[in-house]
$ cat my_file_29.cif   # mmCIF, C-alpha atoms
data_start
#
loop_
_atom_site.label_atom_id
_atom_site.label_comp_id
_atom_site.auth_asym_id
_atom_site.auth_seq_id
_atom_site.Cartn_x
_atom_site.Cartn_y
_atom_site.Cartn_z
CA MET A 1 0.00 0.00 0.00
CA ALA A 2 1.31 3.45 -0.93
CA ASN A 3 2.50 5.56 1.99
CA SER A 4 1.20 9.08 2.65
CA GLY A 5 4.35 10.69 1.25
CA PHE A 6 3.86 8.95 -2.08
CA ILE A 7 0.17 9.96 -2.18
CA VAL A 8 1.09 13.61 -1.64
CA TRP A 9 3.79 13.45 -4.31
CA PHE A 10 1.51 11.66 -6.78
CA ALA A 11 -1.31 14.18 -6.27
CA LYS A 12 1.06 17.08 -6.84
CA VAL A 13 2.47 15.54 -10.00
CA ILE A 14 -0.97 14.83 -11.46
CA THR A 15 -2.19 18.32 -10.58
CA LEU A 16 0.86 20.11 -11.95
CA LEU A 17 0.76 18.18 -15.22
CA ILE A 18 -2.90 19.00 -15.78
CA CYS A 19 -2.48 22.63 -14.77
CA MET A 20 0.26 22.86 -17.41
CA ASN A 21 -2.11 21.23 -19.92
CA LEU A 22 0.03 18.08 -20.07
CA LYS A 23 -1.22 14.53 -19.71
CA PRO A 24 0.28 11.97 -17.33
CA LEU A 25 0.91 8.59 -18.87
CA LEU A 26 -1.78 6.97 -16.69
CA VAL A 27 -4.61 8.93 -18.29
CA LYS A 28 -6.33 7.03 -21.08
CA GLY A 29 -8.38 8.50 -23.91
CA GLU A 30 -9.15 12.15 -24.38
CA GLN A 31 -10.24 13.49 -21.02
CA GLN A 32 -11.17 17.08 -21.81
CA VAL A 33 -11.05 18.62 -18.33
CA PRO A 34 -9.11 17.61 -15.22
CA CYS A 35 -12.18 17.16 -13.06
CA LEU A 36 -15.97 17.26 -12.96
CA PHE A 37 -17.97 18.37 -9.94
CA VAL A 38 -21.72 17.78 -9.65
CA MET A 39 -24.30 19.47 -7.42
CA GLY A 40 -27.97 18.71 -7.69
CA ASP A 41 -30.96 16.63 -6.69
CA SER A 42 -32.11 13.07 -7.42
CA LEU A 43 -31.62 13.55 -11.17
CA PHE A 44 -27.87 13.61 -10.43
CA ASP A 45 -27.52 11.76 -7.09
CA ASN A 46 -25.37 8.64 -7.32
CA GLY A 47 -25.30 7.48 -3.72
CA ASN A 48 -25.06 10.40 -1.30
CA ASN A 49 -28.44 9.60 0.26
CA ASN A 50 -27.77 5.91 0.81
CA ASN A 51 -26.91 6.22 4.50
CA LEU A 52 -29.19 9.12 5.38
CA LEU A 53 -32.39 8.80 7.38
CA THR A 54 -34.66 9.64 4.48
CA ALA A 55 -37.37 8.25 2.24
CA ALA A 56 -35.47 9.72 -0.72
CA LYS A 57 -33.08 6.91 -1.53
CA ALA A 58 -32.64 4.48 -4.38
CA ASN A 59 -30.05 1.93 -3.25
CA TYR A 60 -32.38 -1.04 -3.60
CA PRO A 61 -33.80 -3.13 -6.46
CA PRO A 62 -35.23 -2.51 -8.97
CA TYR A 63 -33.22 0.74 -9.17
CA GLY A 64 -30.01 0.12 -11.11
CA ILE A 65 -31.37 -2.93 -12.91
CA ASP A 66 -29.50 -1.86 -16.06
CA PHE A 67 -26.46 -0.37 -14.30
CA PRO A 68 -23.30 -2.56 -14.16
CA ASP A 69 -23.01 -2.21 -10.36
CA GLY A 70 -26.72 -2.68 -9.70
CA PRO A 71 -28.49 -0.42 -7.17
CA THR A 72 -26.04 2.35 -6.23
CA GLY A 73 -28.34 5.18 -5.22
CA ARG A 74 -29.09 6.42 -8.75
CA PHE A 75 -32.78 7.19 -9.17
CA THR A 76 -33.15 5.41 -12.49
CA ASN A 77 -32.70 2.02 -14.13
CA GLY A 78 -29.23 2.75 -15.50
CA ARG A 79 -27.04 5.81 -15.96
CA ASN A 80 -28.08 9.30 -15.01
CA VAL A 81 -27.20 12.58 -16.74
CA ALA A 82 -24.01 13.04 -14.70
CA ASP A 83 -22.79 9.59 -15.77
CA PHE A 84 -23.34 10.32 -19.45
CA LEU A 85 -21.63 13.69 -19.17
CA ALA A 86 -18.60 12.06 -17.56
CA GLU A 87 -18.43 9.67 -20.52
CA LEU A 88 -18.78 12.49 -23.05
CA LEU A 89 -16.01 14.45 -21.34
CA GLY A 90 -13.68 11.46 -21.63
CA PHE A 91 -13.53 10.24 -18.04
CA ASP A 92 -12.72 6.55 -17.81
CA LYS A 93 -14.96 6.02 -14.78
CA TYR A 94 -17.90 7.77 -13.19
CA ILE A 95 -17.48 10.59 -10.67
CA GLU A 96 -17.69 9.27 -7.11
CA PRO A 97 -20.19 10.54 -4.52
CA PHE A 98 -18.95 12.74 -1.70
CA ALA A 99 -20.19 10.09 0.75
CA THR A 100 -17.52 7.58 -0.34
CA VAL A 101 -14.77 9.40 -2.27
CA LYS A 102 -11.31 9.05 -0.75
CA GLY A 103 -7.79 10.34 -1.25
CA VAL A 104 -6.55 11.39 -4.66
CA ASP A 105 -9.80 10.27 -6.32
CA MET A 106 -11.29 13.65 -5.38
CA PHE A 107 -8.94 15.28 -7.91
CA ARG A 108 -11.09 13.71 -10.65
CA GLY A 109 -14.12 15.48 -9.19
CA VAL A 110 -16.87 14.74 -6.69
CA ASN A 111 -20.62 14.29 -6.97
CA TYR A 112 -22.44 16.06 -4.11
CA ALA A 113 -26.01 15.65 -5.44
CA SER A 114 -28.73 14.51 -3.08
CA GLY A 115 -32.24 13.23 -3.69
CA ALA A 116 -34.92 15.71 -2.46
CA ALA A 117 -32.36 18.52 -2.17
CA GLY A 118 -33.41 22.07 -2.90
CA ILE A 119 -32.22 25.62 -3.25
CA LEU A 120 -34.08 26.33 -0.01
CA ASP A 121 -32.91 24.51 3.10
CA GLU A 122 -36.45 23.71 4.25
CA THR A 123 -37.46 22.07 0.97
CA ALA A 124 -38.48 18.39 1.36
CA ILE A 125 -38.01 18.34 5.13
CA HIS A 126 -41.02 16.00 5.29
CA VAL A 127 -39.13 13.17 3.52
CA GLY A 128 -36.28 13.16 6.04
CA ASP A 129 -32.63 14.10 5.69
CA ARG A 130 -31.32 15.51 2.42
CA ILE A 131 -28.30 17.57 1.47
CA SER A 132 -29.53 20.99 0.38
CA LEU A 133 -27.48 23.13 -2.00
CA ASN A 134 -26.12 25.12 0.93
CA ARG A 135 -24.89 21.89 2.51
CA GLN A 136 -23.47 20.68 -0.79
CA LEU A 137 -21.47 23.90 -1.01
CA ARG A 138 -20.14 23.29 2.49
CA ASN A 139 -19.18 19.75 1.49
CA HIS A 140 -17.33 21.14 -1.52
CA ASN A 141 -15.42 23.45 0.79
CA VAL A 142 -14.39 20.37 2.78
CA THR A 143 -13.11 18.81 -0.46
CA ILE A 144 -11.14 21.95 -1.30
CA SER A 145 -9.52 21.93 2.15
CA ARG A 146 -8.51 18.29 1.67
CA MET A 147 -7.08 19.04 -1.77
CA SER A 148 -5.13 22.01 -0.42
CA THR A 149 -3.74 19.85 2.38
CA LEU A 150 -2.53 17.23 -0.09
CA LEU A 151 -1.06 19.83 -2.43
CA GLY A 152 0.24 22.08 0.33
CA ASN A 153 -0.76 25.09 -1.75
CA LYS A 154 -4.13 26.90 -1.82
CA THR A 155 -3.21 28.92 -4.91
CA LEU A 156 -2.42 25.79 -6.89
CA THR A 157 -5.71 24.25 -5.76
CA LYS A 158 -7.69 27.25 -7.03
CA GLU A 159 -5.82 27.20 -10.32
CA TYR A 160 -6.69 23.54 -10.69
CA LEU A 161 -10.37 24.07 -9.86
CA SER A 162 -10.63 26.88 -12.41
CA LYS A 163 -10.05 24.33 -15.19
CA CYS A 164 -12.76 21.92 -14.00
CA ILE A 165 -16.40 21.81 -15.08
CA TYR A 166 -19.14 22.16 -12.49
CA ILE A 167 -22.65 20.81 -13.12
CA VAL A 168 -25.46 22.32 -11.03
CA GLY A 169 -29.07 21.18 -11.30
CA MET A 170 -31.42 22.52 -8.64
CA GLY A 171 -34.97 23.76 -8.22
CA ASN A 172 -37.17 20.75 -8.98
CA ASN A 173 -37.79 19.95 -5.32
CA ASP A 174 -38.44 23.55 -4.40
CA TYR A 175 -41.59 23.05 -6.43
CA ILE A 176 -42.40 19.32 -6.11
CA ASN A 177 -41.54 19.09 -2.40
CA ASN A 178 -42.37 22.60 -1.29
CA TYR A 179 -44.44 25.06 -3.34
CA LEU A 180 -46.74 22.38 -4.79
CA LEU A 181 -47.51 20.89 -1.37
CA PRO A 182 -49.68 23.59 0.24
CA GLN A 183 -50.84 21.15 2.92
CA LEU A 184 -47.25 20.88 4.23
CA TYR A 185 -45.50 24.14 3.29
CA SER A 186 -46.55 27.76 3.63
CA SER A 187 -44.71 29.03 0.54
CA SER A 188 -47.68 28.91 -1.84
CA HIS A 189 -49.86 30.67 0.76
CA MET A 190 -47.29 33.44 1.23
CA TYR A 191 -46.13 34.00 -2.35
CA ASN A 192 -47.62 33.97 -5.81
CA PRO A 193 -45.63 32.08 -8.51
CA GLU A 194 -43.76 35.22 -9.63
CA GLN A 195 -42.72 36.10 -6.08
CA PHE A 196 -41.62 32.56 -5.24
CA ALA A 197 -39.54 32.32 -8.43
CA SER A 198 -37.83 35.61 -7.54
CA ILE A 199 -36.98 34.32 -4.05
CA LEU A 200 -35.48 31.15 -5.52
CA ILE A 201 -33.44 33.05 -8.11
CA GLN A 202 -32.11 35.49 -5.54
CA GLN A 203 -30.85 32.69 -3.30
CA TYR A 204 -29.64 30.55 -6.24
CA SER A 205 -27.59 33.45 -7.58
CA GLU A 206 -25.89 33.94 -4.21
CA GLN A 207 -25.15 30.22 -3.97
CA LEU A 208 -23.56 30.21 -7.42
CA LYS A 209 -21.48 33.23 -6.44
CA THR A 210 -20.27 31.24 -3.44
CA LEU A 211 -19.26 28.43 -5.80
CA TYR A 212 -17.33 31.01 -7.84
CA LEU A 213 -15.58 32.28 -4.70
CA TYR A 214 -14.50 28.70 -4.00
CA GLY A 215 -12.67 28.67 -7.35
CA ALA A 216 -15.23 27.49 -9.92
CA ARG A 217 -15.09 29.27 -13.27
CA LYS A 218 -16.80 26.88 -15.71
CA VAL A 219 -20.28 26.29 -14.35
CA VAL A 220 -23.18 24.60 -16.15
CA VAL A 221 -26.65 25.35 -14.72
CA PHE A 222 -29.41 22.93 -15.73
CA GLY A 223 -32.92 24.36 -15.94
CA LEU A 224 -36.11 22.60 -14.87
CA GLY A 225 -38.07 20.25 -17.09
CA GLY A 226 -41.81 19.73 -17.40
CA ILE A 227 -42.72 19.15 -13.76
CA GLY A 228 -46.38 19.31 -14.71
CA CYS A 229 -45.90 16.22 -16.90
CA VAL A 230 -44.37 14.03 -14.17
CA PRO A 231 -46.51 10.92 -13.44
CA SER A 232 -46.73 11.51 -9.69
CA GLU A 233 -47.88 15.11 -10.20
CA LEU A 234 -50.46 13.88 -12.69
CA ASP A 235 -51.66 11.34 -10.11
CA LEU A 236 -52.11 14.09 -7.55
CA TYR A 237 -53.49 16.92 -9.64
CA GLY A 238 -54.30 15.63 -13.13
CA THR A 239 -57.74 15.06 -14.54
CA GLY A 240 -58.72 12.33 -16.98
CA ASP A 241 -56.18 11.89 -19.74
CA SER A 242 -54.15 15.02 -18.95
CA VAL A 243 -50.71 14.88 -20.52
CA CYS A 244 -49.42 17.79 -18.40
CA ILE A 245 -50.80 20.16 -15.78
CA ASN A 246 -50.64 23.66 -17.25
CA SER A 247 -50.92 25.49 -13.93
CA ILE A 248 -47.81 23.72 -12.60
CA ASP A 249 -45.79 24.29 -15.77
CA SER A 250 -46.85 27.93 -15.76
CA ALA A 251 -45.60 28.42 -12.19
CA VAL A 252 -42.30 26.67 -12.90
CA ARG A 253 -41.83 28.74 -16.07
CA LYS A 254 -41.63 31.88 -13.89
CA PHE A 255 -38.43 30.43 -12.43
CA SER A 256 -37.05 29.09 -15.72
CA ASP A 257 -37.51 32.45 -17.45
CA LYS A 258 -35.21 34.07 -14.89
CA LEU A 259 -32.30 31.66 -15.33
CA GLU A 260 -30.86 33.12 -18.52
CA PRO A 261 -30.81 36.70 -17.14
CA MET A 262 -29.18 35.29 -13.99
CA ILE A 263 -26.46 33.72 -16.15
CA ASP A 264 -25.88 37.06 -17.89
CA ASP A 265 -25.56 38.82 -14.56
CA LEU A 266 -23.07 36.28 -13.19
CA ASN A 267 -20.91 36.38 -16.32
CA SER A 268 -20.86 40.17 -16.42
CA SER A 269 -20.20 40.75 -12.72
CA LEU A 270 -17.66 38.02 -11.93
CA PRO A 271 -14.20 38.22 -13.59
CA ASN A 272 -13.35 35.24 -15.84
CA ALA A 273 -16.67 33.56 -15.00
CA LYS A 274 -18.08 31.26 -17.67
CA PHE A 275 -21.55 30.25 -16.51
CA SER A 276 -23.83 28.52 -19.00
CA TYR A 277 -27.52 27.61 -18.92
CA ILE A 278 -28.94 24.32 -20.18
CA ASN A 279 -32.56 24.72 -21.27
CA SER A 280 -34.09 21.41 -20.26
CA THR A 281 -37.39 22.32 -21.90
CA SER A 282 -35.72 22.92 -25.25
CA ILE A 283 -33.74 19.69 -25.14
CA ALA A 284 -36.70 17.55 -24.07
CA VAL A 285 -37.11 14.86 -26.72
CA PRO A 286 -39.43 16.48 -29.31
CA ASP A 287 -40.50 13.17 -30.80
CA PRO A 288 -39.92 10.45 -28.18
CA SER A 289 -40.93 7.74 -30.64
CA SER A 290 -37.81 8.63 -32.68
CA ILE A 291 -35.69 7.02 -29.95
CA GLY A 292 -38.18 4.21 -29.29
CA ILE A 293 -40.07 5.83 -26.40
CA THR A 294 -43.78 5.23 -26.83
CA LYS A 295 -45.03 5.36 -23.21
CA LEU A 296 -44.88 8.88 -21.79
CA ARG A 297 -47.04 8.63 -18.67
CA GLU A 298 -46.65 5.15 -17.23
CA PRO A 299 -43.70 4.52 -14.89
CA CYS A 300 -41.73 1.39 -15.73
CA CYS A 301 -41.31 0.18 -12.15
CA GLU A 302 -44.03 -0.81 -9.70
CA ILE A 303 -44.71 2.24 -7.55
CA SER A 304 -44.63 2.06 -3.76
CA GLY A 305 -47.09 3.56 -1.31
CA THR A 306 -49.84 6.07 -1.77
CA ILE A 307 -50.71 8.19 -4.79
CA GLY A 308 -48.08 10.82 -5.43
CA GLU A 309 -45.24 9.05 -3.58
CA GLY A 310 -43.62 8.04 -6.82
CA GLN A 311 -40.66 5.82 -5.94
CA CYS A 312 -40.21 2.19 -6.92
CA LYS A 313 -41.45 -0.47 -4.52
CA HIS A 314 -38.62 -2.34 -2.80
CA GLY A 315 -38.04 -5.45 -4.91
CA GLY A 316 -41.07 -4.58 -7.01
CA GLY A 317 -41.73 -5.54 -10.59
CA VAL A 318 -40.58 -3.68 -13.69
CA CYS A 319 -41.81 -3.42 -17.24
CA SER A 320 -40.26 -5.66 -19.86
CA ASP A 321 -39.91 -2.83 -22.39
CA ARG A 322 -37.82 -0.40 -20.35
CA ALA A 323 -36.48 1.43 -23.39
CA ALA A 324 -40.05 2.33 -24.39
CA HIS A 325 -40.81 4.17 -21.13
CA TYR A 326 -39.88 7.81 -20.64
CA PHE A 327 -40.26 7.55 -16.87
CA TRP A 328 -38.57 4.93 -14.73
CA ASP A 329 -40.56 5.72 -11.57
CA GLY A 330 -43.12 8.39 -10.70
CA PHE A 331 -40.61 11.23 -10.84
CA HIS A 332 -37.43 10.25 -12.68
CA PRO A 333 -36.62 9.59 -16.34
CA SER A 334 -35.29 6.26 -17.51
CA GLU A 335 -31.80 5.90 -18.93
CA ALA A 336 -32.82 6.64 -22.55
CA PRO A 337 -33.99 10.26 -22.02
CA ASN A 338 -31.07 10.84 -19.63
CA LYS A 339 -28.75 10.02 -22.52
CA VAL A 340 -30.51 12.48 -24.84
CA THR A 341 -30.39 15.23 -22.20
CA ALA A 342 -26.65 14.77 -21.67
CA GLU A 343 -25.87 14.61 -25.38
CA ARG A 344 -27.83 17.78 -26.18
CA ALA A 345 -26.24 19.60 -23.22
CA TYR A 346 -22.81 18.52 -24.42
CA THR A 347 -23.41 19.36 -28.08
CA ALA A 348 -26.39 21.65 -28.64
CA LEU A 349 -28.72 20.75 -31.50
CA LEU A 350 -30.80 23.95 -31.39
CA SER A 351 -29.79 27.50 -30.55
CA THR A 352 -32.32 27.39 -27.70
CA ASP A 353 -30.72 24.34 -26.05
CA VAL A 354 -27.93 26.24 -24.27
CA TYR A 355 -26.82 29.77 -23.44
CA PRO A 356 -24.18 30.92 -24.18
CA PHE A 357 -22.08 27.71 -24.46
CA ASP A 358 -22.71 24.00 -24.67
CA ILE A 359 -20.54 21.78 -22.49
CA SER A 360 -18.17 20.75 -25.29
CA GLN A 361 -17.43 24.43 -25.96
CA LEU A 362 -17.04 25.20 -22.27
CA ALA A 363 -14.50 22.40 -21.91
CA GLN A 364 -12.27 24.08 -24.51
CA LEU A 365 -12.37 27.57 -22.98
#
$ encode --input "my_file_29.cif" --output "structure tokens"
Amino acid sequence: MANSGFIVWFAKVITLLICMNLKPLLVKGEQQVPCLFVMGDSLFDNGNNNNLLTAAKANYPPYGIDFPDGPTGRFTNGRNVADFLAELLGFDKYIEPFATVKGVDMFRGVNYASGAAGILDETAIHVGDRISLNRQLRNHNVTISRMSTLLGNKTLTKEYLSKCIYIVGMGNNDYINNYLLPQLYSSSHMYNPEQFASILIQQYSEQLKTLYLYGARKVVVFGLGGIGCVPSELDLYGTGDSVCINSIDSAVRKFSDKLEPMIDDLNSSLPNAKFSYINSTSIAVPDPSSIGITKLREPCCEISGTIGEGQCKHGGGVCSDRAAHYFWDGFHPSEAPNKVTAERAYTALLSTDVYPFDISQLAQL
């Protein structure tokens, strides 16, 4: 086993080579950035909730039925968006969760995402523990301190982090597990949709500025998708054969419409900042049947509990035609749409997909 002196030396060598835009012999393929950091909710979580006291976890069958390592805490049948982005950026293995990452592996990046997490700390308190964006930022600061200790140089650490890509995807739960639950949360009684969206954006902007102060320069912010089209929301609030709930999508749009101006403000006010917005609505599969998806409302897995709960039943059954289902459970997409989302975020197909850069462009800046 390598001693601590060798680990320190090895970390410094790897870091210095990458900071000088050189490649150590151990790196295979064309890894485009030295590291990838991920902050988000259950769309990006890959195991951080596994040991928390929470209902928001996915480390049991049938989750992961199509993932090589089985159930890992990913809220889908296979790979999530973060996994596909790691592949597209040339990483030879997936980014590890903060809960388990150790030693020099953190120099490849860390995934801090947590199921049920929100921009607001109180979001989803009814499901149990979850790692809000504020807590994820604190965890990232812990990572930075560990990196600086190994490198023995805070300046070198910040230089290294400036070359990495950061993925941030937040806001879904501030609606699903807060604003849209008036029986549990006061937010919808206190604020109209425009006011609530403004509160979220104000806090989100400050959180992203904190990430910048920690050394991030290349930051990708994922917008929200069609929450009104999610099966569990349709179970709760839909009528008849509703495909989507317009009132929900209208409320969420108030938030989404403020993301691009927020990106402009961050890029103009923070030196050398390169924030980019991924428009999840634009990159939603326009014709799902073109990639074999024919079932847009029915979850693939057997759903647990009462109407609106949405997660797979422990050890429950699954559909035989998983590739034909857009949704894996009552909230989360299956692997197929996750792949499309990642590919369109990496290389934009339409001018409305991203602003101002797609991820492949950001990696080269």
$ resolve_selection --input "my_file_29.cif" --expression "the PyMOL selection byres ((chain A and resi 134) around 10)" --output "PyMOL selection string"
chain A and resi 117-121+131-133+135-140+203-204+207+210
$ closest_residue --input "my_file_29.cif" --among "A:Ser280, A:Thr123, A:Thr352, A:Ser232" --to "A:Tyr179" --atoms "all atoms listed in the file"
A:Thr123
$ closest_residue --input "my_file_29.cif" --among "A:Leu161, A:Val168, A:Leu296, A:Leu151" --to "A:Phe222" --atoms "only C-alpha atoms"
A:Val168
$ resolve_selection --input "my_file_29.cif" --expression "the PyMOL selection byres ((chain A and resi 115) around 10)" --output "ChimeraX atom specification"
/A:40-50,54-58,73-75,113-114,116-118,124,127,129-132,173
$ write_last_selection --input "my_file_29.cif" --atoms "C-alpha atoms" --output "PDB file, in the frame of the given file"
ATOM      1  CA  GLY A  40     -27.970  18.710  -7.690  1.00  0.00           C
ATOM      2  CA  ASP A  41     -30.960  16.630  -6.690  1.00  0.00           C
ATOM      3  CA  SER A  42     -32.110  13.070  -7.420  1.00  0.00           C
ATOM      4  CA  LEU A  43     -31.620  13.550 -11.170  1.00  0.00           C
ATOM      5  CA  PHE A  44     -27.870  13.610 -10.430  1.00  0.00           C
ATOM      6  CA  ASP A  45     -27.520  11.760  -7.090  1.00  0.00           C
ATOM      7  CA  ASN A  46     -25.370   8.640  -7.320  1.00  0.00           C
ATOM      8  CA  GLY A  47     -25.300   7.480  -3.720  1.00  0.00           C
ATOM      9  CA  ASN A  48     -25.060  10.400  -1.300  1.00  0.00           C
ATOM     10  CA  ASN A  49     -28.440   9.600   0.260  1.00  0.00           C
ATOM     11  CA  ASN A  50     -27.770   5.910   0.810  1.00  0.00           C
ATOM     12  CA  THR A  54     -34.660   9.640   4.480  1.00  0.00           C
ATOM     13  CA  ALA A  55     -37.370   8.250   2.240  1.00  0.00           C
ATOM     14  CA  ALA A  56     -35.470   9.720  -0.720  1.00  0.00           C
ATOM     15  CA  LYS A  57     -33.080   6.910  -1.530  1.00  0.00           C
ATOM     16  CA  ALA A  58     -32.640   4.480  -4.380  1.00  0.00           C
ATOM     17  CA  GLY A  73     -28.340   5.180  -5.220  1.00  0.00           C
ATOM     18  CA  ARG A  74     -29.090   6.420  -8.750  1.00  0.00           C
ATOM     19  CA  PHE A  75     -32.780   7.190  -9.170  1.00  0.00           C
ATOM     20  CA  ALA A 113     -26.010  15.650  -5.440  1.00  0.00           C
ATOM     21  CA  SER A 114     -28.730  14.510  -3.080  1.00  0.00           C
ATOM     22  CA  ALA A 116     -34.920  15.710  -2.460  1.00  0.00           C
ATOM     23  CA  ALA A 117     -32.360  18.520  -2.170  1.00  0.00           C
ATOM     24  CA  GLY A 118     -33.410  22.070  -2.900  1.00  0.00           C
ATOM     25  CA  ALA A 124     -38.480  18.390   1.360  1.00  0.00           C
ATOM     26  CA  VAL A 127     -39.130  13.170   3.520  1.00  0.00           C
ATOM     27  CA  ASP A 129     -32.630  14.100   5.690  1.00  0.00           C
ATOM     28  CA  ARG A 130     -31.320  15.510   2.420  1.00  0.00           C
ATOM     29  CA  ILE A 131     -28.300  17.570   1.470  1.00  0.00           C
ATOM     30  CA  SER A 132     -29.530  20.990   0.380  1.00  0.00           C
ATOM     31  CA  ASN A 173     -37.790  19.950  -5.320  1.00  0.00           C
TER      32      ASN A 173
END
$ closest_residue --input "my_file_29.cif" --among "A:Tyr277, A:Glu206, A:Ser290, A:Glu194" --to "A:Ser351" --atoms "only C-alpha atoms"
A:Tyr277
$ closest_residue --input "my_file_29.cif" --among "A:Glu298, A:Leu36, A:Gln202, A:Lys218" --to "A:Met262" --atoms "all atoms listed in the file"
A:Gln202
